[in-house]
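Heads up: the structure comes next, in structure tokens.
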Amino acid sequence: MNMFNEIQILISGMLCGLILFQSIFVAPTVFKELAEDQRPIILRSLFPKLFKSITLLGFIFLILSSKTGNGYLIGSFTLLSGIICHAMIGATNEAKDKGNDRLFKILHSVSVLLTISVLLTNLLWIFIV
């Protein structure tokens, strides 16, 4: 195993840590401790940062793939998922603000599914390669 492959593993660990921290600690705390009118303030500040971090780490992972020969699909999927989730933030927020619950549910579900998929792919590839 070379240094670039070890960095890819580290990046996958960082991605998994970010996503799990958001899911296990941040989201439950926000929904438990903040009033409903205060939640959007913190959530609309955190999620763009989360998705930008996923995008950046996916990009770095993809660049390292050219050095290791491993992980093109993982890096590409992570990068594209981060971009898609970040791009959907505006439409998701607008749907929530306008009370379009159906559209909000669809956009939110896509975002959650992509994020869970990023978590699982970055967790599992280490054991497969």
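Ordering of the structure tokens sets the chain letters (A, B, ...), residue numbers begin anew at 1 in every chain, and ligands are numbered from 1 in the order given.
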
Item checked: Distance query stretch 116-122 of chain A at most 6 Å, only C-alpha atoms, self and fewer than 6 positions along chain excluded, as a list in words ->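 Residues near the query, excluding close chain neighbours: Ser12, Cys16 and Thr78 of chain A.
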
Margin query: Using only C-alpha atoms, which protein or nucleic acid residues come within 12 Å of A:Cys85? Drop anything in the same chain fewer than 6 positions from it, and give the result as a ChimeraX atom specification.
Written below: /A:47-55,77-79,91-92,107-116,118

Checklist line | Shortest interatomic distance to A:Ile128 - which of A:Ile74, A:Ile7, A:Ile19, A:Leu62, counting only C-alpha atoms | finding: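 When distances to A:Ile128 are compared using only C-alpha atoms, the smallest one comes from A:Ile74.
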
Checklist line | Computed interatomic separation between atom CA of A:Gly75 and atom CA of A:Phe59 (Å) | finding: 6.6 Å

Next item on the list: Pick out the residues sitting within 12 Å of A:Met3, and hand them over as a list in words; count only C-alpha atoms, and ignore anything fewer than 3 positions along from it in its own chain.
Entry: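 Residues near the query, excluding close chain neighbours: Glu6, Ile7, Gln8, Ile9, Leu10, Leu64, Ser65, Lys67 and Thr68 of chain A.
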
Notebook entry, point to check: Counting only C-alpha atoms, which of A:Ile63, A:Pro40, A:Phe127, A:Gly82 gets nearest to A:Asp97?
Noted result: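 Nearest candidate to A:Asp97 out of A:Ile63, A:Pro40, A:Phe127, A:Gly82: A:Pro40.
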
Note to self: List the spatial neighbours of A:Ile42 as a list in words - criterion: any atom at most 10 Å away, only C-alpha atoms, same-chain residues fewer than 5 positions off excluded.
What the structure shows: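 That gives Val26, Ala27, Val30, Leu34 and Phe47 of chain A.
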
Residue selection dump (all heavy atoms) as a CSV table (one decimal), in the first residue's frame:
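Result file follows (again_0.csv):
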```csv
chain,number,residue,atom,x,y,z
A,26,VAL,N,-25.4,16.4,15.4
A,26,VAL,CA,-25.9,17.8,15.1
A,26,VAL,C,-27.4,17.8,14.8
A,26,VAL,O,-28.1,18.5,15.5
A,26,VAL,CB,-25.1,18.3,13.8
A,26,VAL,CG1,-25.7,19.6,13.4
A,26,VAL,CG2,-23.6,18.5,14.1
A,27,ALA,N,-27.8,16.9,13.9
A,27,ALA,CA,-29.3,17.0,13.6
A,27,ALA,C,-30.2,16.7,14.8
A,27,ALA,O,-31.1,17.5,15.0
A,27,ALA,CB,-29.6,16.0,12.4
A,30,VAL,N,-30.1,19.8,17.1
A,30,VAL,CA,-30.9,20.9,16.5
A,30,VAL,C,-32.4,20.7,16.7
A,30,VAL,O,-33.1,21.6,17.1
A,30,VAL,CB,-30.5,21.1,15.0
A,30,VAL,CG1,-31.4,22.1,14.3
A,30,VAL,CG2,-29.1,21.6,14.9
A,34,LEU,N,-33.6,23.4,19.7
A,34,LEU,CA,-33.9,24.6,19.1
A,34,LEU,C,-35.4,24.7,18.8
A,34,LEU,O,-36.0,23.7,18.4
A,34,LEU,CB,-33.1,24.9,17.8
A,34,LEU,CG,-31.6,25.1,18.0
A,34,LEU,CD1,-31.0,25.3,16.6
A,34,LEU,CD2,-31.3,26.2,18.9
A,47,PHE,N,-25.5,22.8,6.3
A,47,PHE,CA,-25.6,21.9,5.2
A,47,PHE,C,-24.7,22.4,4.0
A,47,PHE,O,-24.1,21.5,3.3
A,47,PHE,CB,-27.0,21.6,4.8
A,47,PHE,CG,-27.6,20.5,5.7
A,47,PHE,CD1,-28.4,20.8,6.7
A,47,PHE,CD2,-27.2,19.2,5.4
A,47,PHE,CE1,-28.9,19.8,7.5
A,47,PHE,CE2,-27.7,18.2,6.2
A,47,PHE,CZ,-28.6,18.5,7.3
```

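Across A:Leu57, A:Glu33, A:Tyr72, A:Leu46, the tightest approach to A:Met14 is made by A:Leu57 when counting only C-alpha atoms.
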
Notebook entry, point to check: Just how far from atom CA of A:Ile106 is atom CA of A:Phe25, in Å to one decimal?
Noted result: 24.0 Å
